[in-house]
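Trainee: So that we are looking at the same thing, I have put the structure below in structure tokens.
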Amino acid sequence: MKGVFWLVALRQFGKNVVKERWAYFFIFPHFALYALFFLVPVIVSMVLSLLDYQWWGVEFVGLANYTKAFADPIFWKSVVNTAYYTLGFVPLWLGKALVISALISPFRKQIQTFFKAAFYLPHVTSAVILSMIWLWIYNPPFGLLNYILAIFGVDAVAWLGNTATAMPAIILMQVVMGGGSSIVLLSAAMNGIPAHLYEAAELDGAGPMQTYLRITLPLLKPTLLYLVITGTINSFQVFTNIYLMTQGGPQFSTTTMVYMIYDSAFKQFQFGPASAMAMVLFVITAAFAIVQFRWLGEDVEY
Amino acid sequence: MLINPAIFAERGVDLPELPTRSWTFDEFLETAKKLSYDSDGDGTNDNFAVSFAASDLLNSTAWLHVFGGRMFNDDETEVIINSPEGVAGLQFMVDAIYEYEIAPRGAEGMGIYDVIGLFHQGRTAIGYGGPYEIGRIDRYVNEGQLQDAFDVHIAPYPYLPEVGQIAHHTSGGFIVFRQTNDEKRDKVMEFANFLVNAENTASLKTLLYVTARKSVNDVIYEGSKFEDEISVYMNAIEGGVPYFGSTNLNFSPADPFLQAAFEAAFSRTKTPQEALDDFAREANRVLFGS
């Protein structure tokens, strides 16, 4: 009976493939690349997390890599740091995008486009170049920031060398440089809000702030939900700036989970524990995305 | 170490003398104080003798060795850099920044390229590296990263008489696994012969690299304007110490903890003793499981 069921299901699947062959044909290149560069590495990583993988041999160790990761205090510090970064970055990044989008929305289209392009520019600039510029800005003996502060009599600060300032400095850099794509998305969503709603609000005597809070923000919820989820996922994966600017220091205060995974895999050549940490990150990220989607998406209308 | 003779001359300070340019720690400290000064009259030094960087583990660890600290015990089963000698070395670095003001503040947030940058800008009179760093100056000028080339001399690290001269001793190279396949063995030998052929040996000279075989260096650099520098360098590395243990030992799992120790000490969030005690504990855990 079970065999017959599978046979019918397989036959139906075959029919669907033939019927939608052009759709499958067009999505195949993307799916092939997705499978090659995402699905396969994820599956390999899952397998690696259960192995002691060394260049001289491979041994199945069960959950030992997970135990090792959980017993490492630096791993837990990296989890806290990643959460700190995400909680610091996402609200500021989204807040900036909301403010900028609101400020440029009254302008005519060409001026809006200019500002959107200007704010998008850092997106098409290499993260390496941005990091080098900000390393110079934050440089303790001859950086721009300390130079400006010195004019006001403030002593030089090692922004990236102080445990209290290193993560905020990274977050600030990301907030200042980021937000380009979110501004574009929010501006597009704002332009899609029907004008008659604003006219009605104006007739009812609503001020600009009331209009923004009662009409604009609620109607931006689907876009905001998308940005919060993608922003959170991206924040959990922060790596490039950490690698280039602090290498996880000072005293592990900017060691994020992905940096820790990189360090374990490609500096210590501990592929098993690194894969175990990657799996933990995967679970945490997925859990956050589901919770956010359920919680924030409750009253979102599409 | 690298020294900028123009700054020494400008400050009226004698260079350590040839043929070895060796200097005691007291001579170095006295010199370093003269090389550090306040150029804009705001009451704090802005030109320095040296600089340190927490993430520059090699050169920072050197100072701990100058004072007699050693990373491991003799049989390499325990990290012991938190010995009184190691702590004295780290204490000197902290004092150099905050008490003697011969090194700039912010070392906890600096890396090797900041150290190189300060030296290239003439903000520090002493940098780190061997003759190959002279080549970097020319390369940076050609690439437009540095406006003018400047003369550089080589000098050893200062030494304490009770400890003696130290330098970093390491090795690198190609690993060839035992080959049973004749064709592969021939290719390996062909590659080895290529590496040491006359043309490649001559190119060492253009890069100011030295070879492990001292007699070759004598021939390559004889009569060159860098002859003295190479001679000083070859003499300096006589006191080679493997800062991070022998090549059998993989020190890299302890790297982040060593950097954290320098960061903590340079930012004065921990005393040198606390910083090195914490490092030794973590390093013994990750390296030896103890």
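We label chains A, B, ... in the order they appear in the structure tokens, count residues from 1 in each chain, and number ligands from 1 in the order shown.
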Up to 12 Å from chain A, what residues of chain B turn up? Count only C-alpha atoms and give them as number ranges by chain.

Mentor: B: 42, 44-48, 51-56, 97, 103-111, 113-115, 117-118, 121, 123-124, 250-270, 275, 278-279, 282, 285-287, 289

Trainee: Looking only at the backbone, which of the residues in stretch 197-256 of chain B does DSSP tag as alpha helix (DSSP H), as a PyMOL selection string?

Mentor: chain B and resi 198-207+214-221+227-236+255-256

Trainee: Leaving out B:Arg139 and any residue of its chain fewer than 6 positions from it, which residues lie within 12 Å of it when counting only C-alpha atoms, given as a list in words?

Mentor: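 Here the qualifying residues turn out to be Tyr132, Glu133, Gln145, Leu146, Gln147, Asp148, Ala149, Thr206 and Leu207 of chain B.
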
Trainee: Counting only C-alpha atoms, figure out which residue out of A:Val80, A:Trp93, A:Ile151, A:Met177 gets nearest to A:Leu121.

Mentor: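 Closest to A:Leu121, using only C-alpha atoms: A:Met177.
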
Trainee: What are the DSSP strand (DSSP E) residues of stretch 98-190 of chain B, as an NGL selection string?

Mentor: :B and (126-127 or 153-154 or 167-168)

Trainee: Would you mind exporting N, CA, C and O atoms of the selected residues as an mmCIF file, in the first residue's frame?

Mentor:
```
data_model
loop_
_atom_site.group_PDB
_atom_site.id
_atom_site.type_symbol
_atom_site.label_atom_id
_atom_site.label_comp_id
_atom_site.auth_asym_id
_atom_site.auth_seq_id
_atom_site.Cartn_x
_atom_site.Cartn_y
_atom_site.Cartn_z
ATOM 1 N N ILE B 126 62.426 54.332 15.896
ATOM 2 C CA ILE B 126 62.828 52.926 15.884
ATOM 3 C C ILE B 126 61.629 52.068 15.482
ATOM 4 O O ILE B 126 60.524 52.231 16.018
ATOM 5 N N GLY B 127 61.849 51.196 14.520
ATOM 6 C CA GLY B 127 60.798 50.263 14.101
ATOM 7 C C GLY B 127 61.262 48.839 14.308
ATOM 8 O O GLY B 127 62.215 48.584 15.066
ATOM 9 N N HIS B 153 68.923 51.921 9.345
ATOM 10 C CA HIS B 153 69.963 51.004 9.824
ATOM 11 C C HIS B 153 69.314 49.884 10.631
ATOM 12 O O HIS B 153 68.215 50.043 11.157
ATOM 13 N N ILE B 154 70.040 48.813 10.716
ATOM 14 C CA ILE B 154 69.588 47.673 11.520
ATOM 15 C C ILE B 154 70.297 47.717 12.874
ATOM 16 O O ILE B 154 71.471 48.076 12.944
ATOM 17 N N ALA B 167 66.855 37.427 19.898
ATOM 18 C CA ALA B 167 66.199 37.698 18.606
ATOM 19 C C ALA B 167 65.213 36.562 18.391
ATOM 20 O O ALA B 167 65.284 35.531 19.075
ATOM 21 N N HIS B 168 64.310 36.775 17.476
ATOM 22 C CA HIS B 168 63.327 35.717 17.225
ATOM 23 C C HIS B 168 63.927 34.656 16.315
ATOM 24 O O HIS B 168 64.446 34.962 15.256
#
```

Trainee: Using only C-alpha atoms for the distances, tell me which of B:Leu249, B:Asn217, B:Tyr243, B:Thr201 is nearest to B:Met71.

Mentor: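 Among the listed residues, B:Tyr243 lies closest to B:Met71.
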
Trainee: May I ask which of the residues A:Ser187, A:Ser131, A:Thr67, A:Asn81 is the closest one to A:Ala97, counting only C-alpha atoms?

Mentor: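 Looking at the shortest contact to A:Ala97, the residue is A:Ser187.
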
Trainee: So that I can see what lies close to A:Ile261, please list as a PDB file with N, CA, C and O atoms, in the first residue's frame the residues with an atom at most 7 Å from it, counting only C-alpha atoms and leaving out residues fewer than 5 positions away in the same chain.

Mentor:
```
ATOM      1  N   ALA A 274      34.544  24.020  14.649  1.00  0.00           N
ATOM      2  CA  ALA A 274      34.062  25.181  13.882  1.00  0.00           C
ATOM      3  C   ALA A 274      32.705  24.861  13.247  1.00  0.00           C
ATOM      4  O   ALA A 274      31.787  25.695  13.264  1.00  0.00           O
ATOM      5  N   MET A 277      30.003  24.924  15.861  1.00  0.00           N
ATOM      6  CA  MET A 277      29.610  26.300  16.175  1.00  0.00           C
ATOM      7  C   MET A 277      28.731  26.863  15.057  1.00  0.00           C
ATOM      8  O   MET A 277      27.778  27.601  15.315  1.00  0.00           O
ATOM      9  N   ALA A 278      29.073  26.520  13.816  1.00  0.00           N
ATOM     10  CA  ALA A 278      28.280  27.000  12.681  1.00  0.00           C
ATOM     11  C   ALA A 278      26.849  26.461  12.757  1.00  0.00           C
ATOM     12  O   ALA A 278      25.887  27.169  12.452  1.00  0.00           O
TER      13      ALA A 278
END
```

Trainee: Could you list, as a list in words, every residue within 8 Å of A:Ile170, counting only C-alpha atoms and ignoring same-chain residues fewer than 3 positions away?

Mentor: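 That gives Ala166, Met167, Met173, Gln174, Asn241 and Ile242 of chain A.
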
Trainee: Selected residues, all heavy atoms, written as a PDB file, in the first residue's frame, please.

Mentor:
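Result went into out.pdb, see below:
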```pdb
ATOM      1  N   ALA A 166      35.164  49.373  21.751  1.00  0.00           N
ATOM      2  CA  ALA A 166      35.437  48.677  20.482  1.00  0.00           C
ATOM      3  C   ALA A 166      34.150  48.266  19.759  1.00  0.00           C
ATOM      4  O   ALA A 166      33.970  48.578  18.577  1.00  0.00           O
ATOM      5  CB  ALA A 166      36.323  47.457  20.737  1.00  0.00           C
ATOM      6  N   MET A 167      33.245  47.579  20.466  1.00  0.00           N
ATOM      7  CA  MET A 167      32.014  47.145  19.798  1.00  0.00           C
ATOM      8  C   MET A 167      31.133  48.332  19.400  1.00  0.00           C
ATOM      9  O   MET A 167      30.639  48.370  18.257  1.00  0.00           O
ATOM     10  CB  MET A 167      31.256  46.146  20.672  1.00  0.00           C
ATOM     11  CG  MET A 167      30.077  45.491  19.972  1.00  0.00           C
ATOM     12  SD  MET A 167      30.571  44.553  18.488  1.00  0.00           S
ATOM     13  CE  MET A 167      30.659  42.901  19.167  1.00  0.00           C
ATOM     14  N   MET A 173      30.281  52.517  12.978  1.00  0.00           N
ATOM     15  CA  MET A 173      30.771  52.479  11.598  1.00  0.00           C
ATOM     16  C   MET A 173      29.751  51.824  10.675  1.00  0.00           C
ATOM     17  O   MET A 173      29.452  52.323   9.595  1.00  0.00           O
ATOM     18  CB  MET A 173      32.088  51.710  11.574  1.00  0.00           C
ATOM     19  CG  MET A 173      32.645  51.516  10.205  1.00  0.00           C
ATOM     20  SD  MET A 173      33.171  49.836   9.993  1.00  0.00           S
ATOM     21  CE  MET A 173      33.422  49.796   8.242  1.00  0.00           C
ATOM     22  N   GLN A 174      29.188  50.712  11.137  1.00  0.00           N
ATOM     23  CA  GLN A 174      28.225  49.976  10.315  1.00  0.00           C
ATOM     24  C   GLN A 174      26.941  50.777  10.111  1.00  0.00           C
ATOM     25  O   GLN A 174      26.356  50.746   9.034  1.00  0.00           O
ATOM     26  CB  GLN A 174      27.875  48.626  10.969  1.00  0.00           C
ATOM     27  CG  GLN A 174      29.039  47.671  11.059  1.00  0.00           C
ATOM     28  CD  GLN A 174      29.291  46.952   9.741  1.00  0.00           C
ATOM     29  OE1 GLN A 174      29.316  47.568   8.692  1.00  0.00           O
ATOM     30  NE2 GLN A 174      29.474  45.665   9.788  1.00  0.00           N
ATOM     31  N   ASN A 241      34.179  43.278   8.888  1.00  0.00           N
ATOM     32  CA  ASN A 241      34.737  44.428   9.596  1.00  0.00           C
ATOM     33  C   ASN A 241      35.464  44.006  10.868  1.00  0.00           C
ATOM     34  O   ASN A 241      36.477  44.592  11.234  1.00  0.00           O
ATOM     35  CB  ASN A 241      33.629  45.427   9.934  1.00  0.00           C
ATOM     36  CG  ASN A 241      32.889  45.842   8.688  1.00  0.00           C
ATOM     37  OD1 ASN A 241      31.773  45.402   8.439  1.00  0.00           O
ATOM     38  ND2 ASN A 241      33.519  46.647   7.863  1.00  0.00           N
ATOM     39  N   ILE A 242      34.928  42.967  11.492  1.00  0.00           N
ATOM     40  CA  ILE A 242      35.594  42.450  12.703  1.00  0.00           C
ATOM     41  C   ILE A 242      36.972  41.912  12.323  1.00  0.00           C
ATOM     42  O   ILE A 242      37.985  42.221  12.963  1.00  0.00           O
ATOM     43  CB  ILE A 242      34.764  41.313  13.340  1.00  0.00           C
ATOM     44  CG1 ILE A 242      33.348  41.782  13.705  1.00  0.00           C
ATOM     45  CG2 ILE A 242      35.484  40.700  14.539  1.00  0.00           C
ATOM     46  CD1 ILE A 242      33.238  42.680  14.877  1.00  0.00           C
TER      47      ILE A 242
END
```

Trainee: Any idea what the distance is between atom CA of A:Leu145 and atom CA of A:Val176?

Mentor: 14.3 Å

Trainee: Show me, as a PyMOL selection string, the residues that have an atom within 6 Å of B:Thr24 when counting only C-alpha atoms, minus same-chain residues fewer than 4 positions from it.

Mentor: chain B and resi 158-160

Trainee: How many Å lie between atom CA of B:Asn181 and atom CA of B:Val196, rounded to one decimal?

Mentor: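 We find that atom CA of B:Asn181 and atom CA of B:Val196 lie 23.1 Å from each other.
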
Trainee: For atom CA of A:Ser49 and atom CA of B:Asn284, quote the distance in Å rounded to one decimal.

Mentor: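 One can read the atom CA of A:Ser49 to atom CA of B:Asn284 distance as 24.9 Å.
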